[in-house]
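Student: Mind looking over this structure? Questions follow.
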Amino acid sequence: MLFKVIKFHNLVVVYFECMKLVKNAEQFVTELFKKVLEFKYKYHDVNHTKNVVHAVRQIGEYEGVSEEDLELLQVAAWFHDTGYIKTKDGHEEESTRIASSFLRDNHVPEEKIEVINRLIMATVFNHTPKDLLEKIICDADYYHVGSCDYFSFLKELRTEWKLCNVAVFTEKEWLKENISFLKSKHTFYTDYAKNNWNKVKQQNLNILEEKKEENGTIAQTEATVTKPKKKKKKKLGRGVETLFRVTITNHTRLSDIADSKANILLSVNAIIISVALSVLIPKLDSPGNAYLTLPTFVLLFFSVISIVFAILATRPKVTSTEFTKEDILNKKVNLLFFGNFYKVPYQDYEDEINKMMVDNDYLYNSLTKDLHYLGIILDRKYKLLRITYNIFMVGIVISVLTFLYAYQHS
């Protein structure tokens, strides 16, 4: 009994140590991709890496590998594409260097580092896996060929290859290339992948071959596949569109009103200052007009303060926030506001706007953000405008009272 308890305790310790290393690897790679990976990598990004890690765990649990081996697989999956931050050619070798540095910093034994590096190198194209662990990571790296989202992944991969100057295909060449890959250049090795992904892979291949016979394109295929999904999305009525249109129009009108009121105060105070400088100031040199000195400067003081606050109320302010590629992909950035999207490369901006146009939730959430930020700007504008009018009102009263007092005591 004591032996079983000790064994169970050791298994628990091993499990939590494995989980800790995998979690550290996840945080490290995610942060690395956020800060360093270029926007042109549309496919080999942090989302692809997360999908590979998920696939590795699925296959590993099905194949019955130990927790320690599953840890090595997941860490290798997290690091297998990190080399893209420096090079696309031979990125696997660069990935092993990055992984080795991280693992040594985390005091991982050298024998484990060697296994992880071997698994990373197993993701090299056309590599023949030598054991079960290599078979698992090879199949996980090509999870997309057995995915219902296969054609979306192809679009991202084609865009990446174009931006990275890897290859540029015509529609027919791209169709032929992918048929050839699925037919003769790719195979699944593990039982899990064969049982769960081969069927979908064959369906994707059949669709490609049908398009080839019809002289169609993969772009047409993608539209055909995604069309049923779009029908399932809830459609919001014209009332919602009218709500946004009217509300944004009203907010814009309120902003114009605030600017007009600020301009009125700017003009009035500019006239007051001009009159004071041209009429009152020259008369102060006379000893008989010395009593006008204090009232004149009180008037000028409040006029200048009013002008400053009126300018603050109408001064343009572009609020821009720091964000990453992952924030864009996770729809956390308002791309309808120029203060955000001017930082985004055109290709990324175009892709996201195209997604927004076919995704009601994405579109209306972006409009809601835009409306919210517009309300914040209006709140600031009207607060400053209220302060400006209060200063002007108080200033006029104090100036008049000062003039009367000075006149009576002159």
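Within each chain, counting starts at residue 1; across the structure tokens, chains are named A, B, ... in the order shown, with ligands numbered 1 upward in that order.
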Within 8 Å of Phe33 in chain A, counting only C-alpha atoms, which residues show up once you throw out same-chain ones fewer than 2 positions away? Write them as a list in words, please.
Tutor: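 Everything that qualifies: Val29, Thr30, Glu31, Lys35, Val36, Leu37, Asp45, Val46, Thr82 and Ile85 of chain A.
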Student: Excluding range 25-27 of chain A and its own-chain neighbours fewer than 3 positions away, which residues fall within 9 Å of it when counting only C-alpha atoms? Please give them as a list in words.
Tutor: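 Result of the neighbour search: Lys20, Leu21, Val22, Thr30, Glu31, Leu32, Lys50, Gln74, Val75, Trp78, Phe79, Ala99, Phe102 and Leu103 of chain A.
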Student: Once you have the residues from the selection above, write them out as a compact mmCIF listing (two decimals), in the first residue's frame, restricted to all heavy atoms.
Tutor:
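Ended up saving to result_35.txt:
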# COMPACT_ATOMS: atom_id res chain seq x y z
N LYS A 20 4.15 22.62 -15.88
CA LYS A 20 4.83 23.90 -15.65
C LYS A 20 5.75 24.24 -16.81
O LYS A 20 5.77 25.38 -17.29
CB LYS A 20 5.64 23.82 -14.35
CG LYS A 20 6.35 25.13 -14.00
CD LYS A 20 7.12 25.00 -12.70
CE LYS A 20 7.85 26.30 -12.38
NZ LYS A 20 8.64 26.19 -11.13
N LEU A 21 6.52 23.27 -17.30
CA LEU A 21 7.42 23.52 -18.43
C LEU A 21 6.64 23.87 -19.68
O LEU A 21 7.01 24.80 -20.41
CB LEU A 21 8.30 22.30 -18.68
CG LEU A 21 9.31 22.44 -19.84
CD1 LEU A 21 10.27 23.60 -19.58
CD2 LEU A 21 10.08 21.15 -20.04
N VAL A 22 5.56 23.15 -19.94
CA VAL A 22 4.73 23.44 -21.13
C VAL A 22 4.13 24.84 -21.03
O VAL A 22 4.11 25.59 -22.02
CB VAL A 22 3.62 22.38 -21.28
CG1 VAL A 22 2.66 22.77 -22.40
CG2 VAL A 22 4.23 21.01 -21.57
N THR A 30 4.51 32.61 -27.21
CA THR A 30 3.44 33.58 -27.51
C THR A 30 3.98 35.00 -27.46
O THR A 30 3.71 35.81 -28.35
CB THR A 30 2.28 33.42 -26.51
OG1 THR A 30 1.78 32.08 -26.57
CG2 THR A 30 1.16 34.39 -26.85
N GLU A 31 4.74 35.32 -26.43
CA GLU A 31 5.32 36.66 -26.31
C GLU A 31 6.34 36.93 -27.41
O GLU A 31 6.41 38.03 -27.95
CB GLU A 31 5.98 36.79 -24.93
CG GLU A 31 6.28 38.23 -24.52
CD GLU A 31 5.04 39.06 -24.31
OE1 GLU A 31 3.97 38.50 -24.01
OE2 GLU A 31 5.13 40.29 -24.47
N LEU A 32 7.12 35.91 -27.76
CA LEU A 32 8.12 36.04 -28.82
C LEU A 32 7.46 36.37 -30.15
O LEU A 32 7.90 37.27 -30.87
CB LEU A 32 8.92 34.74 -28.93
CG LEU A 32 10.08 34.71 -29.93
CD1 LEU A 32 11.21 35.63 -29.46
CD2 LEU A 32 10.59 33.29 -30.11
N LYS A 50 -0.47 27.06 -31.87
CA LYS A 50 -1.44 26.58 -30.88
C LYS A 50 -2.20 25.37 -31.40
O LYS A 50 -2.46 24.41 -30.66
CB LYS A 50 -2.42 27.70 -30.53
CG LYS A 50 -1.83 28.81 -29.68
CD LYS A 50 -2.86 29.89 -29.42
CE LYS A 50 -2.27 31.00 -28.55
NZ LYS A 50 -3.25 32.09 -28.32
N GLN A 74 4.77 18.47 -26.63
CA GLN A 74 4.14 19.80 -26.58
C GLN A 74 5.17 20.92 -26.61
O GLN A 74 4.97 21.94 -27.29
CB GLN A 74 3.28 19.90 -25.31
CG GLN A 74 2.03 19.05 -25.37
CD GLN A 74 1.20 19.18 -24.11
OE1 GLN A 74 0.26 19.97 -24.03
NE2 GLN A 74 1.54 18.39 -23.10
N VAL A 75 6.26 20.75 -25.90
CA VAL A 75 7.32 21.77 -25.92
C VAL A 75 7.90 21.88 -27.33
O VAL A 75 8.12 22.98 -27.84
CB VAL A 75 8.43 21.43 -24.90
CG1 VAL A 75 9.60 22.40 -25.05
CG2 VAL A 75 7.88 21.49 -23.48
N TRP A 78 5.50 23.77 -29.48
CA TRP A 78 5.51 25.21 -29.23
C TRP A 78 6.69 25.88 -29.94
O TRP A 78 6.57 27.00 -30.43
CB TRP A 78 5.59 25.50 -27.72
CG TRP A 78 4.25 25.52 -27.06
CD1 TRP A 78 3.76 24.66 -26.13
CD2 TRP A 78 3.19 26.46 -27.31
NE1 TRP A 78 2.48 24.99 -25.77
CE2 TRP A 78 2.10 26.10 -26.47
CE3 TRP A 78 3.06 27.57 -28.14
CZ2 TRP A 78 0.90 26.80 -26.47
CZ3 TRP A 78 1.86 28.27 -28.13
CH2 TRP A 78 0.80 27.89 -27.30
N PHE A 79 7.82 25.20 -30.02
CA PHE A 79 9.03 25.83 -30.57
C PHE A 79 9.28 25.52 -32.05
O PHE A 79 10.17 26.11 -32.64
CB PHE A 79 10.26 25.40 -29.76
CG PHE A 79 10.42 26.15 -28.47
CD1 PHE A 79 9.91 25.64 -27.28
CD2 PHE A 79 11.07 27.39 -28.44
CE1 PHE A 79 10.06 26.33 -26.09
CE2 PHE A 79 11.22 28.08 -27.26
CZ PHE A 79 10.70 27.56 -26.07
N ALA A 99 14.98 26.98 -28.88
CA ALA A 99 14.46 26.04 -27.87
C ALA A 99 15.54 25.64 -26.87
O ALA A 99 15.30 25.61 -25.66
CB ALA A 99 13.89 24.81 -28.57
N PHE A 102 16.16 28.40 -24.35
CA PHE A 102 15.06 28.48 -23.38
C PHE A 102 15.12 27.32 -22.39
O PHE A 102 14.96 27.51 -21.17
CB PHE A 102 13.72 28.47 -24.13
CG PHE A 102 12.54 28.20 -23.24
CD1 PHE A 102 11.95 29.23 -22.51
CD2 PHE A 102 12.00 26.92 -23.12
CE1 PHE A 102 10.86 28.99 -21.69
CE2 PHE A 102 10.91 26.66 -22.30
CZ PHE A 102 10.35 27.70 -21.58
N LEU A 103 15.33 26.11 -22.89
CA LEU A 103 15.31 24.93 -22.03
C LEU A 103 16.46 24.93 -21.02
O LEU A 103 16.29 24.52 -19.88
CB LEU A 103 15.35 23.67 -22.90
CG LEU A 103 14.11 23.45 -23.78
CD1 LEU A 103 14.34 22.34 -24.79
CD2 LEU A 103 12.89 23.15 -22.91
Student: Please compute the CA of Leu73 in chain A-CA of Asp105 in chain A distance, one decimal, in Å.
Tutor: 18.8 Å
Student: Quick check for you: according to DSSP on this backbone, which residues of range 32-92 of chain A are classed as alpha helix (DSSP H)? Reply as an MDAnalysis selection string.
Tutor: chainID A and resid 32:36 46:63 67:79 91:92
Student: Using only C-alpha atoms, which residues sit within 9 Å of Ala77 in chain A once same-chain residues fewer than 5 positions away are excluded, as a PyMOL selection string?
Tutor: chain A and resi 49-50+52-53+56+72+116+119-120+137+140-141
Student: Rank nothing, just name the residue among A:Gly395, A:Tyr142, A:Gly60, A:Leu371 nearest to Thr249 in chain A, using only C-alpha atoms.
Tutor: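 Result for the nearest residue to Thr249 in chain A: A:Leu371.
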Student: Report as a PyMOL selection string all protein, DNA and RNA residues lying within 7 Å of range 378-384 of chain A, evaluated on only C-alpha atoms, omitting residues in the same chain fewer than 2 positions from it.
Tutor: chain A and resi 255+258+309+313+374-376+386-388
